[in-house]
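Enquirer: Got a structure for you, upload-v5.tsv, holding TSV, C-alpha atoms.
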```tsv
chain	number	residue	atom	x	y	z
A	9	MET	CA	37.91	-22.90	0.06
A	10	GLN	CA	39.78	-25.13	2.57
A	11	PRO	CA	38.22	-28.34	3.84
A	12	ASP	CA	37.86	-26.81	7.32
A	13	ASP	CA	36.01	-23.86	5.84
A	14	LEU	CA	33.72	-26.24	3.99
A	15	LYS	CA	33.07	-28.15	7.19
A	16	ASP	CA	32.25	-24.91	9.04
A	17	PHE	CA	30.09	-23.82	6.16
A	18	ASP	CA	28.15	-27.07	6.20
A	19	GLU	CA	27.77	-26.98	9.98
A	20	LEU	CA	26.46	-23.44	9.80
A	21	ASP	CA	24.10	-24.42	7.02
A	22	ASN	CA	22.85	-27.41	9.02
A	23	LEU	CA	22.50	-25.45	12.26
A	24	VAL	CA	20.69	-22.44	10.88
A	25	GLY	CA	18.92	-24.25	8.06
A	26	GLY	CA	17.55	-26.86	10.41
A	27	ALA	CA	16.36	-24.22	12.87
A	28	LEU	CA	14.68	-22.24	10.11
A	29	GLU	CA	12.94	-25.27	8.68
A	30	ARG	CA	11.51	-26.10	12.10
A	31	LEU	CA	9.87	-22.66	12.30
A	32	PRO	CA	6.09	-22.81	12.09
A	33	PRO	CA	4.57	-20.74	9.28
A	34	PRO	CA	3.27	-17.32	10.40
A	35	ARG	CA	-0.50	-17.11	10.78
A	36	ALA	CA	-2.39	-14.59	8.71
A	37	PRO	CA	-4.16	-11.88	10.76
A	38	ARG	CA	-7.91	-12.17	11.14
A	39	SER	CA	-8.29	-8.86	9.30
A	40	LEU	CA	-6.90	-10.25	6.03
A	41	LEU	CA	-9.96	-12.15	4.80
A	42	PRO	CA	-12.46	-9.31	5.46
A	43	ARG	CA	-10.26	-6.75	3.75
A	44	VAL	CA	-9.73	-9.01	0.72
A	45	MET	CA	-13.49	-9.51	0.36
A	46	ALA	CA	-14.14	-5.79	0.88
A	47	ALA	CA	-11.54	-4.88	-1.76
A	48	LEU	CA	-13.08	-7.41	-4.11
A	49	GLU	CA	-16.54	-5.93	-3.60
A	50	ALA	CA	-15.19	-2.41	-4.19
A	51	ASN	CA	-13.47	-3.53	-7.41
A	52	GLN	CA	-16.63	-5.19	-8.67
A	53	ALA	CA	-18.75	-2.12	-7.88
A	54	ALA	CA	-16.26	0.14	-9.67
A	55	HIS	CA	-16.37	-2.03	-12.79
A	56	ARG	CA	-20.13	-2.45	-12.84
A	57	PRO	CA	-21.48	-0.86	-16.05
A	58	ALA	CA	-23.52	2.32	-15.74
A	59	PRO	CA	-27.29	2.01	-16.32
A	60	ARG	CA	-27.97	2.16	-20.01
A	61	VAL	CA	-29.98	5.14	-21.22
A	62	ARG	CA	-31.70	4.44	-24.51
A	63	PRO	CA	-32.36	7.21	-27.01
A	64	TRP	CA	-35.99	8.15	-27.66
A	65	LEU	CA	-35.95	6.54	-31.09
A	66	ALA	CA	-35.07	3.22	-29.48
A	67	TRP	CA	-38.05	3.33	-27.10
A	68	PRO	CA	-40.95	0.96	-27.67
A	69	LEU	CA	-43.67	2.44	-29.89
A	70	ALA	CA	-46.18	2.63	-27.06
A	71	TRP	CA	-43.77	4.68	-24.93
A	72	GLN	CA	-43.03	7.01	-27.86
A	73	VAL	CA	-46.74	7.67	-28.43
A	74	ALA	CA	-47.35	8.17	-24.72
A	75	SER	CA	-44.43	10.63	-24.38
A	76	VAL	CA	-45.69	12.69	-27.36
A	77	ALA	CA	-49.18	12.77	-25.82
A	78	VAL	CA	-47.80	13.97	-22.46
A	79	VAL	CA	-45.75	16.73	-24.07
A	80	MET	CA	-48.75	17.89	-26.13
A	81	ALA	CA	-51.03	17.90	-23.09
A	82	MET	CA	-48.53	19.96	-21.10
A	83	SER	CA	-48.17	22.46	-23.97
A	84	ILE	CA	-51.93	22.89	-24.33
A	85	GLY	CA	-52.29	23.28	-20.58
A	86	VAL	CA	-49.67	26.04	-20.42
A	87	TRP	CA	-51.24	27.84	-23.39
A	88	ARG	CA	-54.76	27.74	-21.86
A	89	LEU	CA	-53.69	28.70	-18.35
A	90	TRP	CA	-51.20	31.46	-19.32
A	91	PRO	CA	-53.59	34.46	-18.89
A	92	HIS	CA	-54.61	33.20	-15.46
A	93	THR	CA	-50.94	32.69	-14.58
A	94	VAL	CA	-50.04	36.28	-15.44
A	95	SER	CA	-52.84	37.68	-13.29
A	96	LEU	CA	-51.83	35.41	-10.38
A	97	VAL	CA	-48.24	36.62	-10.60
A	98	ALA	CA	-49.41	40.24	-10.66
A	99	TRP	CA	-51.59	39.60	-7.61
A	100	PHE	CA	-48.63	38.20	-5.62
A	101	THR	CA	-46.23	40.99	-6.62
A	102	PRO	CA	-48.04	44.29	-5.99
A	103	LEU	CA	-45.07	46.46	-6.92
A	104	SER	CA	-45.60	48.69	-9.97
A	105	VAL	CA	-43.05	49.22	-12.69
A	106	ALA	CA	-41.95	52.56	-11.23
A	107	GLU	CA	-41.42	51.01	-7.81
A	108	VAL	CA	-39.34	48.24	-9.33
A	109	SER	CA	-37.08	50.71	-11.15
A	110	THR	CA	-36.62	52.74	-7.94
A	111	GLU	CA	-35.56	49.60	-6.09
A	112	LEU	CA	-33.08	48.77	-8.84
A	113	THR	CA	-31.61	52.29	-8.80
A	114	SER	CA	-31.03	52.25	-5.04
A	115	ALA	CA	-29.38	48.82	-5.33
A	116	GLY	CA	-27.07	50.23	-8.00
A	117	ASN	CA	-26.16	53.17	-5.78
A	118	THR	CA	-25.31	50.80	-2.92
A	119	ALA	CA	-23.08	48.73	-5.19
A	120	ALA	CA	-21.27	51.86	-6.38
A	121	ALA	CA	-20.68	52.92	-2.76
A	122	VAL	CA	-19.20	49.52	-1.92
A	123	VAL	CA	-16.87	49.67	-4.92
A	124	GLY	CA	-15.73	53.16	-3.93
A	125	ALA	CA	-14.98	52.02	-0.38
A	126	ALA	CA	-13.00	49.05	-1.65
A	127	ARG	CA	-11.00	51.31	-3.95
A	128	THR	CA	-10.17	53.62	-1.02
A	129	VAL	CA	-9.00	50.71	1.13
A	130	TRP	CA	-6.83	49.44	-1.75
A	131	HIS	CA	-5.11	52.75	-2.30
A	132	ALA	CA	-4.66	53.52	1.40
A	133	LEU	CA	-3.64	50.17	2.86
A	134	VAL	CA	-2.93	47.42	0.32
A	135	GLN	CA	-1.16	49.11	-2.57
A	136	PRO	CA	1.84	50.38	-0.49
A	137	LEU	CA	2.52	46.84	0.79
A	138	VAL	CA	2.02	44.84	-2.43
A	139	PHE	CA	5.64	45.10	-3.55
A	140	TYR	CA	7.05	43.88	-0.22
A	141	MET	CA	4.55	41.01	-0.03
A	142	LEU	CA	5.49	39.88	-3.56
A	143	ALA	CA	9.20	39.99	-2.70
A	144	LEU	CA	8.57	37.88	0.43
A	145	VAL	CA	6.59	35.26	-1.53
A	146	LEU	CA	9.33	35.02	-4.17
A	147	ALA	CA	12.01	34.62	-1.48
A	148	MET	CA	10.04	31.81	0.20
A	149	CYS	CA	9.60	30.01	-3.14
A	150	ALA	CA	13.34	30.24	-3.82
A	151	ALA	CA	14.11	28.89	-0.34
A	152	CYS	CA	11.74	25.93	-0.82
A	153	ALA	CA	13.30	25.14	-4.19
A	154	ALA	CA	16.81	25.25	-2.72
A	155	PHE	CA	15.79	23.03	0.20
A	156	GLY	CA	14.17	20.54	-2.14
A	157	ALA	CA	17.27	20.38	-4.36
A	158	ALA	CA	19.55	19.87	-1.34
A	159	LEU	CA	17.29	17.15	0.10
A	160	GLY	CA	17.13	15.39	-3.25
A	161	ARG	CA	20.90	15.47	-3.56
A	162	VAL	CA	21.31	14.01	-0.05
A	163	VAL	CA	18.75	11.25	-0.70
A	164	PHE	CA	19.96	10.13	-4.10
A	165	GLU	CA	23.65	10.46	-3.30
A	166	GLY	CA	23.09	8.36	-0.22
A	167	VAL	CA	21.25	5.69	-2.25
A	168	ALA	CA	23.93	5.74	-4.97
A	169	GLN	CA	26.71	5.28	-2.42
A	170	SER	CA	24.94	2.36	-0.83
B	14	MET	CA	-21.91	-22.37	-3.86
B	15	THR	CA	-21.56	-18.89	-5.38
B	16	ASP	CA	-18.31	-17.58	-6.82
B	17	THR	CA	-17.85	-15.29	-3.85
B	18	ALA	CA	-18.32	-18.12	-1.37
B	19	ARG	CA	-15.91	-20.32	-3.31
B	20	PHE	CA	-13.35	-17.52	-3.41
B	21	GLU	CA	-13.75	-16.93	0.30
B	22	ALA	CA	-12.99	-20.60	0.93
B	23	PHE	CA	-10.00	-20.29	-1.40
B	24	VAL	CA	-8.66	-17.33	0.60
B	25	ARG	CA	-9.12	-19.18	3.89
B	26	GLU	CA	-7.18	-22.13	2.53
B	27	TYR	CA	-4.15	-20.16	1.36
B	28	GLU	CA	-4.08	-17.01	3.49
B	29	ASP	CA	-1.50	-18.37	5.96
B	30	MET	CA	0.83	-19.44	3.17
B	31	VAL	CA	0.55	-16.16	1.26
B	32	TYR	CA	0.86	-13.97	4.34
B	33	GLY	CA	3.73	-16.05	5.70
B	34	THR	CA	5.68	-15.69	2.47
B	35	ALA	CA	5.11	-11.95	2.38
B	36	VAL	CA	5.89	-11.22	6.03
B	37	ARG	CA	9.14	-13.17	5.93
B	38	LEU	CA	10.28	-11.37	2.79
B	39	LEU	CA	9.20	-7.90	3.89
B	40	ALA	CA	9.60	-8.19	7.70
B	41	ASN	CA	6.66	-5.80	8.03
B	42	PRO	CA	3.21	-7.18	8.95
B	43	SER	CA	1.18	-4.29	7.53
B	44	GLU	CA	3.04	-4.28	4.21
B	45	ALA	CA	2.73	-8.06	4.10
B	46	GLU	CA	-1.04	-7.75	4.54
B	47	ASP	CA	-1.20	-5.26	1.65
B	48	ILE	CA	0.78	-7.61	-0.59
B	49	ALA	CA	-1.36	-10.58	0.43
B	50	GLN	CA	-4.52	-8.64	-0.47
B	51	THR	CA	-3.07	-7.74	-3.88
B	52	ALA	CA	-2.07	-11.34	-4.53
B	53	PHE	CA	-5.57	-12.62	-3.76
B	54	LEU	CA	-7.18	-9.96	-5.95
B	55	LYS	CA	-4.93	-11.09	-8.81
B	56	ALA	CA	-5.98	-14.67	-8.05
B	57	PHE	CA	-9.63	-13.68	-8.32
B	58	GLU	CA	-9.04	-12.34	-11.84
B	59	ARG	CA	-7.91	-15.85	-12.82
B	60	PHE	CA	-10.17	-17.73	-10.46
B	61	ASP	CA	-11.86	-19.65	-13.25
B	62	THR	CA	-8.58	-21.32	-14.17
B	63	ILE	CA	-6.69	-21.60	-10.89
B	64	GLY	CA	-9.54	-21.89	-8.41
B	65	ALA	CA	-9.62	-25.67	-8.45
B	66	SER	CA	-6.16	-26.21	-9.94
B	67	PRO	CA	-3.54	-28.18	-7.97
B	68	ALA	CA	-1.01	-25.53	-9.09
B	69	ALA	CA	-2.84	-22.78	-7.19
B	70	ALA	CA	-0.43	-22.85	-4.24
B	71	GLY	CA	2.64	-22.56	-6.47
B	72	TRP	CA	1.03	-19.80	-8.51
B	73	LEU	CA	0.14	-17.84	-5.38
B	74	LYS	CA	3.63	-18.20	-3.95
B	75	THR	CA	5.21	-17.02	-7.19
B	76	VAL	CA	2.90	-14.02	-7.45
B	77	THR	CA	3.44	-13.12	-3.79
B	78	THR	CA	7.21	-13.41	-4.11
B	79	ASN	CA	7.28	-11.21	-7.21
B	80	LEU	CA	5.03	-8.61	-5.59
B	81	CYS	CA	7.29	-8.51	-2.52
B	82	LEU	CA	10.45	-8.15	-4.58
B	83	ASN	CA	8.88	-5.37	-6.66
B	84	HIS	CA	7.78	-3.63	-3.48
B	85	LEU	CA	11.26	-3.89	-1.98
B	86	SER	CA	12.99	-2.56	-5.06
B	87	ARG	CA	10.47	0.22	-5.70
B	88	TYR	CA	9.81	1.67	-2.26
B	89	ARG	CA	12.49	0.61	0.16
B	90	SER	CA	15.52	1.81	-1.79
B	91	ARG	CA	14.45	5.47	-1.57
B	92	TRP	CA	14.43	5.49	2.20
B	93	ARG	CA	17.21	3.07	2.92
B	94	PHE	CA	19.55	5.82	4.11
B	95	PHE	CA	17.43	6.25	7.21
B	96	SER	CA	18.37	2.84	8.54
B	97	GLU	CA	20.07	0.33	6.28
B	98	LEU	CA	22.94	2.56	5.15
B	99	GLN	CA	23.93	2.66	8.77
B	100	ALA	CA	23.59	-1.12	9.13
B	101	ALA	CA	25.35	-1.84	5.83
B	102	GLY	CA	28.51	-0.13	7.08
B	103	MET	CA	28.81	-2.52	9.99
B	104	ASP	CA	31.05	-5.55	10.15
B	105	ASP	CA	29.64	-8.91	11.21
B	106	ALA	CA	30.33	-8.48	14.92
B	107	ALA	CA	28.70	-5.09	15.00
B	108	GLN	CA	25.81	-6.48	13.02
B	109	GLY	CA	25.24	-9.09	15.70
B	110	ASP	CA	25.00	-6.34	18.30
B	111	HIS	CA	22.72	-4.43	15.97
B	112	ILE	CA	20.42	-7.46	15.66
B	113	ASP	CA	20.35	-7.93	19.44
B	114	SER	CA	19.44	-4.30	19.96
B	115	LEU	CA	16.75	-4.50	17.29
B	116	LEU	CA	15.35	-7.62	18.93
B	117	ALA	CA	15.26	-5.97	22.33
B	118	ARG	CA	13.69	-2.82	20.91
B	119	GLY	CA	11.53	-4.18	18.13
B	120	SER	CA	10.09	-7.29	19.73
B	121	ALA	CA	6.68	-6.40	18.28
B	122	ARG	CA	7.88	-7.81	14.95
B	123	ALA	CA	7.74	-11.35	16.35
B	124	GLY	CA	4.78	-10.67	18.63
B	125	THR	CA	6.65	-11.55	21.80
B	126	SER	CA	8.61	-9.69	24.42
B	127	VAL	CA	12.27	-10.62	24.42
B	128	ALA	CA	14.26	-9.20	27.25
B	129	ALA	CA	17.97	-8.99	26.46
B	130	GLY	CA	19.97	-10.97	28.96
B	131	SER	CA	16.99	-12.84	30.31
B	132	ARG	CA	17.82	-15.55	32.87
B	133	ASP	CA	14.51	-17.35	32.49
B	134	ASP	CA	15.27	-21.09	32.82
B	135	ALA	CA	11.84	-22.12	31.53
B	136	LEU	CA	12.52	-21.32	27.86
B	137	THR	CA	10.33	-23.35	25.59
B	138	ALA	CA	10.78	-24.40	22.01
B	139	ALA	CA	8.06	-21.93	21.08
B	140	GLU	CA	10.03	-19.07	22.63
B	141	ARG	CA	13.20	-20.12	20.79
B	142	GLN	CA	11.25	-20.23	17.55
B	143	GLU	CA	9.77	-16.81	18.18
B	144	HIS	CA	13.22	-15.47	18.94
B	145	LEU	CA	14.58	-16.93	15.72
B	146	GLU	CA	11.63	-15.51	13.78
B	147	GLY	CA	12.38	-12.10	15.28
B	148	ALA	CA	16.07	-12.42	14.43
B	149	LEU	CA	15.16	-13.33	10.86
B	150	ARG	CA	12.94	-10.27	10.52
B	151	ALA	CA	15.63	-8.08	12.05
B	152	LEU	CA	18.11	-8.98	9.31
B	153	PRO	CA	18.69	-6.31	6.68
B	154	ASP	CA	16.80	-6.81	3.41
B	155	HIS	CA	19.86	-7.83	1.37
B	156	GLN	CA	20.51	-10.77	3.75
B	157	ARG	CA	16.99	-11.71	4.77
B	158	VAL	CA	15.49	-11.90	1.27
B	159	PRO	CA	18.02	-14.39	-0.20
B	160	LEU	CA	17.88	-16.42	3.01
B	161	VAL	CA	14.09	-16.64	2.89
B	162	LEU	CA	14.10	-17.46	-0.81
B	163	PHE	CA	16.64	-20.25	-0.22
B	164	HIS	CA	15.23	-21.85	2.92
B	165	PHE	CA	11.48	-21.25	2.55
B	166	GLU	CA	10.89	-20.89	-1.18
B	167	ASP	CA	13.35	-23.64	-2.23
B	168	LYS	CA	15.12	-21.43	-4.74
B	169	SER	CA	18.62	-22.24	-5.84
B	170	TYR	CA	21.46	-19.73	-5.61
B	171	LEU	CA	21.29	-19.19	-9.36
B	172	GLU	CA	17.54	-18.59	-9.28
B	173	ILE	CA	17.94	-16.13	-6.40
B	174	ALA	CA	20.68	-14.26	-8.26
B	175	ALA	CA	18.44	-14.00	-11.31
B	176	LEU	CA	15.43	-12.88	-9.26
B	177	LEU	CA	17.36	-10.21	-7.39
B	178	ASP	CA	19.48	-9.20	-10.37
B	179	VAL	CA	22.74	-9.64	-8.45
B	180	THR	CA	25.79	-11.81	-8.88
B	181	LEU	CA	25.97	-15.38	-7.62
B	182	ALA	CA	28.88	-14.44	-5.35
B	183	LYS	CA	26.81	-11.72	-3.69
B	184	VAL	CA	23.98	-14.16	-3.05
B	185	LYS	CA	26.35	-16.64	-1.42
B	186	THR	CA	27.99	-13.92	0.65
B	187	ASP	CA	24.71	-12.44	1.83
B	188	ILE	CA	23.24	-15.84	2.71
B	189	HIS	CA	26.38	-16.77	4.59
B	190	ARG	CA	26.37	-13.50	6.54
B	191	GLY	CA	22.68	-13.88	7.26
B	192	ARG	CA	23.29	-17.37	8.64
B	193	GLU	CA	26.16	-16.08	10.74
B	194	ALA	CA	23.93	-13.40	12.20
B	195	LEU	CA	21.17	-15.90	12.96
B	196	LYS	CA	23.67	-18.27	14.51
B	197	GLN	CA	24.87	-15.44	16.73
B	198	ALA	CA	21.29	-14.72	17.72
B	199	LEU	CA	20.67	-18.39	18.52
B	200	VAL	CA	23.87	-18.67	20.53
B	201	SER	CA	23.31	-15.44	22.45
B	202	HIS	CA	19.75	-16.44	23.23
B	203	HIS	CA	20.90	-19.86	24.44
B	204	ALA	CA	23.61	-18.23	26.56
B	205	ALA	CA	21.07	-15.94	28.16
B	206	ARG	CA	19.20	-18.92	29.62
```
Written as structure tokens, how would this file's structure read?

Expert:
Amino acid sequence: MQPDDLKDFDELDNLVGGALERLPPPRAPRSLLPRVMAALEANQAAHRPAPRVRPWLAWPLAWQVASVAVVMAMSIGVWRLWPHTVSLVAWFTPLSVAEVSTELTSAGNTAAAVVGAARTVWHALVQPLVFYMLALVLAMCAACAAFGAALGRVVFEGVAQS
Amino acid sequence: MTDTARFEAFVREYEDMVYGTAVRLLANPSEAEDIAQTAFLKAFERFDTIGASPAAAGWLKTVTTNLCLNHLSRYRSRWRFFSELQAAGMDDAAQGDHIDSLLARGSARAGTSVAAGSRDDALTAAERQEHLEGALRALPDHQRVPLVLFHFEDKSYLEIAALLDVTLAKVKTDIHRGREALKQALVSHHAAR
């Protein structure tokens, strides 16, 4: 490098360097501190351990005895009240067995009618068009794949050339 | 004082420095805010050791710089062809025009309104500084980053070349071209007075 070039280089360095060094530092936006504290809180909440659930054998003895007593009381209660429960259920549902089976049969007939109607619609309307719809979907997939390959080539060739 | 309150005070003390480093390297305020948040979260992980350390500022600057350089190499290179491929093909004179047009169009980067060819005689030092800040942010990444690392982060040419994984000659060339572009911006702004 010639002496004149060096002199120009130094002058440029002094001119621009001096101007840059006199620049005041940019001020952080007011939103920075709240978002840092919010992100910190979210991180801490995500890493907080889940509440520990102890197995029954690790419970204190008093709790074990109490839980066994509650389960036994509930079992005895169900066993003693079962006949009354059955009669209550029968009182609320007055339908006899024959009526229930009739209801079930009519529901089955309705379901069969719906299935038959669906089958008719399939044969009459959908089945003739299935082949053409499949061909259209395949053509669209091929077009998307070709577009994606072309775009990728343009992007990465452009980056490689730069 | 709880840990959270101490950390909040820590963030208040260093937020300008961290954000300033990031925004000058990235030239994008929203990306700079993201990087600053990440840097402070990393600082919190080591808050026991660096919270009261005199080396906290240097540690934060190093982390912020590395995060910015990773961000630039990971995300910007994929989309460079939208803008910088066009700018990279320009010679220096055309680049000066490019910077002027970016300043006139993208004045939001510096937070001021800069009218090209303004004849306002009452320019203040603050306006000149804002103009220079805008010109710095308008530089392409490959010129702005080495310039910022040299003038604001006190890195040597060799250190910059190692950080950016480029040759020493490229660093010198890019810094020189960046200074030329800034000088053009300073001169054109002064001439517009």

Enquirer: Separation of atom CA of B:Ala174 and atom CA of B:Ala151, in Å?

Expert: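 These two atoms are separated by 21.8 Å.
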
Enquirer: Taking 4 positions as the minimum chain separation for residues in the same chain, which residues sit within 10 Å of B:Leu176 when counting all atoms listed in the file? Answer as a VMD selection string.

Expert: chain B and resid 78 to 79 82 159 162 168 170 to 172

Enquirer: Set out as a tab-separated table a contact list for chain A and chain B with a cut-off of 7 Å, giving each residue of chain A that qualifies its closest atom pair and distance in Å to one decimal, counting only C-alpha atoms, ordered by chain and rising residue number.

Expert:
```
residue	atom	partner	partner_atom	distance
A:Leu20	CA	B:Arg192	CA	6.9
A:Val24	CA	B:Arg192	CA	6.1
A:Gly25	CA	B:His164	CA	6.8
A:Leu31	CA	B:Gln142	CA	5.9
A:Pro33	CA	B:Gly33	CA	6.0
A:Pro34	CA	B:Gly33	CA	4.9
A:Arg35	CA	B:Asp29	CA	5.1
A:Ala36	CA	B:Asp29	CA	4.8
A:Leu40	CA	B:Glu46	CA	6.5
A:Leu41	CA	B:Val24	CA	6.8
A:Val44	CA	B:Gln50	CA	5.4
A:Leu48	CA	B:Leu54	CA	6.7
A:Gly166	CA	B:Phe94	CA	6.1
A:Val167	CA	B:Phe94	CA	6.6
A:Ser170	CA	B:Leu98	CA	6.3
```

Enquirer: Kindly give the distance, in Å, that separates atom CA of A:Asn22 and atom CA of B:Ala182, rounded to a single decimal.

Expert: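 Atom-to-atom, atom CA of A:Asn22 and atom CA of B:Ala182 are spaced 20.3 Å apart.
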